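J.: Dropping in my_file_3.cif, with mmCIF, C-alpha atoms and all ligand atoms.
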data_my_file
#
loop_
_atom_site.label_atom_id
_atom_site.label_comp_id
_atom_site.auth_asym_id
_atom_site.auth_seq_id
_atom_site.Cartn_x
_atom_site.Cartn_y
_atom_site.Cartn_z
CA MET A 1 -22.57 14.15 -18.97
CA SER A 2 -19.43 12.37 -17.84
CA GLU A 3 -16.16 12.30 -19.75
CA THR A 4 -15.24 9.13 -21.60
CA MET A 5 -12.43 6.75 -20.69
CA THR A 6 -10.75 4.11 -22.76
CA HIS A 7 -10.26 1.63 -19.93
CA ALA A 8 -11.59 1.05 -16.43
CA ALA A 9 -9.82 3.46 -14.15
CA VAL A 10 -8.62 2.50 -10.69
CA LEU A 11 -7.82 5.61 -8.70
CA ILE A 12 -6.66 5.73 -5.12
CA LEU A 13 -7.02 8.83 -2.93
CA LEU A 14 -4.46 8.87 -0.13
CA GLY A 15 -4.49 11.32 2.74
CA PRO A 16 -5.24 11.65 6.46
CA PRO A 17 -8.77 12.01 7.86
CA GLY A 18 -10.07 15.44 6.86
CA ALA A 19 -7.89 15.71 3.75
CA GLY A 20 -11.03 15.92 1.59
CA LYS A 21 -10.93 12.46 0.02
CA GLY A 22 -14.68 11.89 0.27
CA THR A 23 -15.62 15.35 -1.01
CA GLN A 24 -13.29 15.04 -3.97
CA ALA A 25 -14.28 11.44 -4.72
CA ARG A 26 -17.91 12.52 -5.01
CA MET A 27 -16.96 15.29 -7.44
CA LEU A 28 -14.83 12.92 -9.56
CA GLU A 29 -17.67 10.42 -9.53
CA GLU A 30 -19.99 12.98 -11.13
CA ARG A 31 -17.49 14.29 -13.62
CA PHE A 32 -16.06 10.98 -14.85
CA GLY A 33 -18.88 8.49 -14.21
CA LEU A 34 -16.70 6.56 -11.80
CA VAL A 35 -17.87 4.84 -8.63
CA GLN A 36 -16.67 6.07 -5.24
CA LEU A 37 -15.73 3.14 -3.06
CA SER A 38 -15.25 4.18 0.55
CA THR A 39 -14.41 1.35 2.95
CA GLY A 40 -15.36 3.71 5.81
CA ASP A 41 -18.88 4.11 4.34
CA LEU A 42 -19.14 0.35 3.74
CA LEU A 43 -18.05 -0.36 7.32
CA ARG A 44 -20.51 2.20 8.73
CA ALA A 45 -23.27 0.50 6.71
CA ALA A 46 -22.18 -2.88 8.14
CA VAL A 47 -22.28 -1.43 11.67
CA ALA A 48 -25.75 0.02 11.06
CA ALA A 49 -26.98 -3.29 9.62
CA GLY A 50 -25.55 -5.20 12.60
CA THR A 51 -23.67 -7.76 10.47
CA ALA A 52 -20.93 -9.87 12.07
CA ALA A 53 -18.28 -7.73 10.34
CA GLY A 54 -20.01 -4.57 11.52
CA MET A 55 -20.18 -5.78 15.11
CA ALA A 56 -16.47 -6.65 15.06
CA ALA A 57 -15.56 -3.27 13.51
CA LYS A 58 -17.71 -0.97 15.67
CA SER A 59 -15.50 -0.49 18.72
CA VAL A 60 -12.30 -0.26 16.64
CA MET A 61 -13.85 2.51 14.55
CA GLU A 62 -15.05 4.37 17.65
CA SER A 63 -11.53 4.34 19.07
CA GLY A 64 -9.98 5.62 15.83
CA GLY A 65 -7.97 2.45 15.15
CA LEU A 66 -7.87 0.41 11.96
CA VAL A 67 -10.26 -2.45 11.35
CA SER A 68 -8.50 -5.76 10.52
CA ASP A 69 -7.31 -6.29 6.96
CA GLU A 70 -9.36 -9.49 6.87
CA ILE A 71 -12.69 -7.71 7.47
CA VAL A 72 -11.88 -4.77 5.21
CA LEU A 73 -10.70 -6.97 2.34
CA ALA A 74 -13.82 -9.13 2.49
CA ILE A 75 -16.00 -5.99 2.29
CA LEU A 76 -13.92 -4.54 -0.54
CA ARG A 77 -13.97 -7.76 -2.59
CA ASP A 78 -17.76 -7.97 -2.34
CA ARG A 79 -18.16 -4.37 -3.46
CA MET A 80 -15.65 -4.73 -6.33
CA ALA A 81 -17.67 -7.72 -7.58
CA GLU A 82 -20.72 -5.52 -8.21
CA PRO A 83 -21.23 -4.66 -11.88
CA ASP A 84 -21.30 -0.85 -11.50
CA THR A 85 -17.59 -0.87 -10.59
CA ALA A 86 -16.72 -1.99 -14.14
CA LYS A 87 -16.70 1.68 -15.21
CA GLY A 88 -13.86 2.36 -12.83
CA VAL A 89 -13.49 3.15 -9.16
CA ILE A 90 -12.19 5.85 -6.88
CA LEU A 91 -10.89 4.15 -3.76
CA ASP A 92 -11.44 6.48 -0.80
CA GLY A 93 -9.85 5.31 2.46
CA PHE A 94 -8.52 2.08 0.98
CA PRO A 95 -5.84 0.74 1.00
CA ARG A 96 -4.73 1.84 4.45
CA THR A 97 -1.98 -0.72 5.20
CA PRO A 98 0.78 -2.36 3.14
CA GLY A 99 -1.11 -5.68 3.45
CA GLN A 100 -4.21 -4.08 1.90
CA ALA A 101 -2.11 -2.55 -0.90
CA GLU A 102 -0.64 -5.96 -1.76
CA ALA A 103 -4.07 -7.61 -1.65
CA LEU A 104 -5.41 -4.91 -3.97
CA ASP A 105 -2.59 -5.50 -6.46
CA ALA A 106 -3.47 -9.22 -6.48
CA LEU A 107 -7.21 -8.57 -6.86
CA LEU A 108 -6.65 -6.18 -9.77
CA ALA A 109 -4.17 -8.53 -11.47
CA ASP A 110 -6.83 -11.28 -11.34
CA GLN A 111 -9.20 -8.98 -13.22
CA GLY A 112 -6.61 -7.75 -15.72
CA LEU A 113 -6.71 -4.28 -14.18
CA LYS A 114 -4.05 -1.99 -12.81
CA ILE A 115 -3.85 1.17 -10.75
CA SER A 116 -4.26 4.29 -12.88
CA ALA A 117 -2.93 6.61 -10.18
CA ALA A 118 -2.55 6.86 -6.42
CA ILE A 119 -3.05 10.51 -5.57
CA SER A 120 -1.70 11.81 -2.29
CA MET A 121 -3.62 14.78 -0.91
CA GLU A 122 -1.00 16.83 0.91
CA VAL A 123 -2.39 18.63 3.99
CA ASP A 124 -1.23 20.01 7.34
CA ASP A 125 -2.13 17.70 10.24
CA ALA A 126 -2.80 20.70 12.45
CA ALA A 127 -5.76 21.77 10.28
CA MET A 128 -7.35 18.32 10.20
CA VAL A 129 -8.86 18.39 13.69
CA GLU A 130 -10.95 21.49 12.87
CA ARG A 131 -11.88 20.15 9.45
CA VAL A 132 -13.08 16.83 10.82
CA SER A 133 -14.79 18.20 13.93
CA GLY A 134 -17.20 20.46 12.02
CA ARG A 135 -18.30 18.17 9.24
CA HIS A 136 -21.70 16.65 8.64
CA THR A 137 -23.62 15.18 5.74
CA CYS A 138 -27.14 15.33 4.38
CA GLU A 139 -29.06 12.21 5.44
CA GLY A 140 -30.93 12.17 2.16
CA CYS A 141 -28.21 12.42 -0.48
CA GLY A 142 -24.92 12.28 1.42
CA GLU A 143 -23.74 15.76 0.37
CA GLY A 144 -21.02 16.94 2.75
CA TYR A 145 -21.05 20.21 4.70
CA HIS A 146 -18.89 21.91 7.31
CA ASP A 147 -19.83 24.28 10.16
CA SER A 148 -17.11 26.78 9.15
CA PHE A 149 -16.04 25.96 5.59
CA LYS A 150 -19.11 24.84 3.63
CA GLN A 151 -22.57 25.75 4.83
CA PRO A 152 -25.70 25.22 2.71
CA ALA A 153 -26.88 28.36 0.86
CA GLN A 154 -30.08 28.26 2.93
CA ALA A 155 -29.44 27.33 6.57
CA GLY A 156 -30.58 23.83 7.44
CA ARG A 157 -31.53 22.84 3.86
CA CYS A 158 -29.34 20.70 1.62
CA ASP A 159 -28.25 22.50 -1.58
CA LYS A 160 -28.46 19.27 -3.56
CA CYS A 161 -31.70 17.57 -2.53
CA GLY A 162 -33.46 20.06 -0.25
CA GLY A 163 -33.28 17.61 2.67
CA THR A 164 -33.40 19.04 6.20
CA ALA A 165 -31.86 16.17 8.19
CA PHE A 166 -28.10 16.04 8.66
CA LYS A 167 -25.86 13.58 10.46
CA ARG A 168 -22.44 13.63 12.10
CA ARG A 169 -20.12 10.66 12.39
CA ALA A 170 -19.54 9.23 15.85
CA ASP A 171 -15.76 9.28 15.27
CA ASP A 172 -15.57 12.89 14.01
CA ASN A 173 -14.55 14.42 17.33
CA ALA A 174 -11.28 15.97 18.48
CA GLU A 175 -10.28 13.00 20.70
CA THR A 176 -10.74 10.32 18.05
CA VAL A 177 -9.16 12.36 15.27
CA GLY A 178 -5.83 12.24 17.13
CA ALA A 179 -5.90 8.43 17.11
CA ARG A 180 -6.95 8.39 13.45
CA LEU A 181 -4.04 10.68 12.49
CA THR A 182 -1.64 8.44 14.42
CA ALA A 183 -2.99 5.37 12.59
CA TYR A 184 -2.60 7.21 9.28
CA HIS A 185 1.05 8.07 9.86
CA ALA A 186 1.95 4.63 11.24
CA SER A 187 0.14 2.42 8.72
CA THR A 188 -1.02 4.39 5.67
CA ALA A 189 1.63 7.04 4.97
CA PRO A 190 4.15 4.30 4.00
CA LEU A 191 1.92 3.61 0.98
CA ILE A 192 3.13 6.88 -0.56
CA ALA A 193 6.56 5.27 -1.05
CA TYR A 194 4.90 2.00 -2.12
CA TYR A 195 3.11 3.72 -5.02
CA ALA A 196 6.05 5.98 -5.86
CA ALA A 197 8.14 2.82 -6.37
CA ARG A 198 5.46 1.57 -8.80
CA ASP A 199 5.45 4.86 -10.74
CA VAL A 200 1.76 5.60 -10.14
CA LEU A 201 2.09 8.23 -7.41
CA ARG A 202 0.76 11.75 -7.99
CA SER A 203 0.19 14.45 -5.41
CA VAL A 204 -1.99 17.52 -5.03
CA ASP A 205 -2.02 20.37 -2.53
CA GLY A 206 -5.05 19.58 -0.38
CA MET A 207 -5.04 22.88 1.55
CA GLY A 208 -6.59 25.07 -1.16
CA ALA A 209 -10.21 25.75 -2.13
CA ILE A 210 -12.39 22.70 -2.85
CA ASP A 211 -12.94 23.72 -6.50
CA ALA A 212 -9.24 24.39 -7.13
CA ILE A 213 -8.34 20.94 -5.76
CA ALA A 214 -11.11 19.38 -7.86
CA ALA A 215 -9.70 21.04 -10.98
CA GLU A 216 -6.20 19.74 -10.29
CA LEU A 217 -7.43 16.23 -9.48
CA GLY A 218 -9.67 16.23 -12.55
CA GLY A 219 -6.68 17.09 -14.71
CA ILE A 220 -4.76 14.11 -13.35
CA VAL A 221 -7.72 11.75 -13.79
CA ALA A 222 -8.31 12.96 -17.36
CA GLU A 223 -4.62 12.40 -18.12
CA VAL A 224 -4.28 8.92 -16.61
CA THR A 225 -7.53 7.63 -18.08
CA ALA A 226 -7.07 9.05 -21.60
P1 LIG B 301 -13.10 6.73 7.00
O1 LIG B 301 -14.54 6.93 6.70
O2 LIG B 301 -12.29 6.39 5.78
O3 LIG B 301 -12.51 7.91 7.76
O4 LIG B 301 -13.00 5.47 7.96
C1 LIG B 301 -13.60 5.48 9.25
C2 LIG B 301 -13.02 4.35 10.08
O5 LIG B 301 -13.31 3.09 9.45
C3 LIG B 301 -11.51 4.37 10.23
O6 LIG B 301 -11.07 5.21 11.29
C4 LIG B 301 -11.22 2.89 10.49
O7 LIG B 301 -11.54 2.53 11.81
C5 LIG B 301 -12.21 2.20 9.58
N1 LIG B 301 -11.67 1.96 8.21
C6 LIG B 301 -12.10 2.51 7.03
N2 LIG B 301 -11.40 2.06 5.99
C7 LIG B 301 -10.47 1.20 6.51
C8 LIG B 301 -9.42 0.43 5.95
N3 LIG B 301 -9.16 0.46 4.62
N4 LIG B 301 -8.68 -0.33 6.80
C9 LIG B 301 -8.91 -0.36 8.13
N5 LIG B 301 -9.87 0.37 8.72
C10 LIG B 301 -10.66 1.14 7.93
#
Would you kindly transcribe this structure into structure tokens?
Ligand code: AMP
T.:
Amino acid sequence: MSETMTHAAVLILLGPPGAGKGTQARMLEERFGLVQLSTGDLLRAAVAAGTAAGMAAKSVMESGGLVSDEIVLAILRDRMAEPDTAKGVILDGFPRTPGQAEALDALLADQGLKISAAISMEVDDAAMVERVSGRHTCEGCGEGYHDSFKQPAQAGRCDKCGGTAFKRRADDNAETVGARLTAYHASTAPLIAYYAARDVLRSVDGMGAIDAIAAELGGIVAEVTA
């Protein structure tokens, strides 16, 4: 059963590709009954569905650049309008630019909401290439795995749903990760100061064990949503 909250939480996970935002967002989702909102997942779904936004985003994503604020904001607004987000959201991979951060502030203000915390996951860039290069997810339930760091208990079978099909992202390769890290430092890292100035910044050491990071993050979420 999930823990109770007195108001809709809006949590932001900040960190470069490979920091563990998606893994941790899924764990927080289960523990607190929040909804993970990953603009990367939404964009990949748009690419797979062949929508106009997806077609415009595809080549940018493959090169490791950032999709335009206009496209990302339209996708985010649509998702935030769905009723399940009323419980609270964990934003994973959004905002990624100062323009997106300002648009989010305006969107939340319209709904009488505010950011509960923006949590920066502190990691070493040098470790991110290996982390990203080996990762894959279960096609059935989306559970994440890694060739070196998190293999299923039984080889080739998902621990969660028993599925046997796994997929890897087209942009999870050593060449593209470099461009994604560059985009992170140029456009997204400045948001750390943006949220510090608004007194909502928290940070966790993202280099430890998955469960230790989850415990630390859970403590922050419990505190800011109490
Ligand atoms: P992610 O799954 O968060 O690693 O995102 C994968 C790719 O989708 C990124 O490298 C970008 O090309 C694009 N993307 C995801 N979220 C955003 C965003 N908030 N702003 C711009 N581009 C994004």
J.: List every residue of stretch 10-54 of chain A that has an atom at most 10 Å from any atom of stretch 164-177 of chain A, and for each one report the closest atom pair and its distance in Å to one decimal, counting all atoms listed in the file, with rows sorted by chain and then by increasing residue number, as JSON lines.
T.:
{"residue": "A:Pro16", "atom": "CA", "partner": "A:Val177", "partner_atom": "CA", "distance": 9.7}
{"residue": "A:Pro17", "atom": "CA", "partner": "A:Val177", "partner_atom": "CA", "distance": 7.4}
{"residue": "A:Gly18", "atom": "CA", "partner": "A:Val177", "partner_atom": "CA", "distance": 9.0}
{"residue": "A:Arg44", "atom": "CA", "partner": "A:Arg169", "partner_atom": "CA", "distance": 9.2}
J.: Here's a test: counting all atoms listed in the file, identify every protein, DNA and RNA residue with an atom at most 12 Å from (-9.3, 1.3, 15.0) in the file's coordinate frame, and state them as an MDAnalysis selection string.
T.: chainID A and resid 40 43 56:69 72 96 171 176:184 187
J.: Report, in Å with one decimal, the straight-line distance from atom CA of A:Ile12 to atom CA of A:Phe94.
T.: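 Interatomic distance, atom CA of A:Ile12 to atom CA of A:Phe94: 7.3 Å.
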J.: Residues at most 12 Å from A:Ala215, counting only C-alpha atoms, excluding those fewer than 5 positions away in the same chain, as an MDAnalysis selection string?
T.: chainID A and resid 24 27:28 31 204:206 208:210 220:222
J.: When you draw a straight line from atom CA of A:Leu91 to atom CA of A:Ile115, how long is it in Å?
T.: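 Computing it gives 10.4 Å between the two atoms.
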J.: Quick one: everything within 10 Å of stretch 101-104 of chain A, counting all atoms listed in the file, minus sequence neighbours fewer than 3 positions away in the same chain. Send it as a PDB file with C-alpha atoms, keeping the file's coordinate frame.
T.:
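Saved the output as selection24.pdb:
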ATOM      1  CA  ASP A  69      -7.310  -6.290   6.960  1.00  0.00           C
ATOM      2  CA  LEU A  73     -10.700  -6.970   2.340  1.00  0.00           C
ATOM      3  CA  LEU A  76     -13.920  -4.540  -0.540  1.00  0.00           C
ATOM      4  CA  ARG A  77     -13.970  -7.760  -2.590  1.00  0.00           C
ATOM      5  CA  PHE A  94      -8.520   2.080   0.980  1.00  0.00           C
ATOM      6  CA  PRO A  95      -5.840   0.740   1.000  1.00  0.00           C
ATOM      7  CA  ARG A  96      -4.730   1.840   4.450  1.00  0.00           C
ATOM      8  CA  THR A  97      -1.980  -0.720   5.200  1.00  0.00           C
ATOM      9  CA  PRO A  98       0.780  -2.360   3.140  1.00  0.00           C
ATOM     10  CA  LEU A 107      -7.210  -8.570  -6.860  1.00  0.00           C
ATOM     11  CA  LEU A 108      -6.650  -6.180  -9.770  1.00  0.00           C
ATOM     12  CA  ALA A 109      -4.170  -8.530 -11.470  1.00  0.00           C
ATOM     13  CA  ASP A 110      -6.830 -11.280 -11.340  1.00  0.00           C
ATOM     14  CA  LYS A 114      -4.050  -1.990 -12.810  1.00  0.00           C
ATOM     15  CA  ILE A 115      -3.850   1.170 -10.750  1.00  0.00           C
ATOM     16  CA  THR A 188      -1.020   4.390   5.670  1.00  0.00           C
ATOM     17  CA  LEU A 191       1.920   3.610   0.980  1.00  0.00           C
ATOM     18  CA  TYR A 194       4.900   2.000  -2.120  1.00  0.00           C
ATOM     19  CA  TYR A 195       3.110   3.720  -5.020  1.00  0.00           C
TER      20      TYR A 195
END
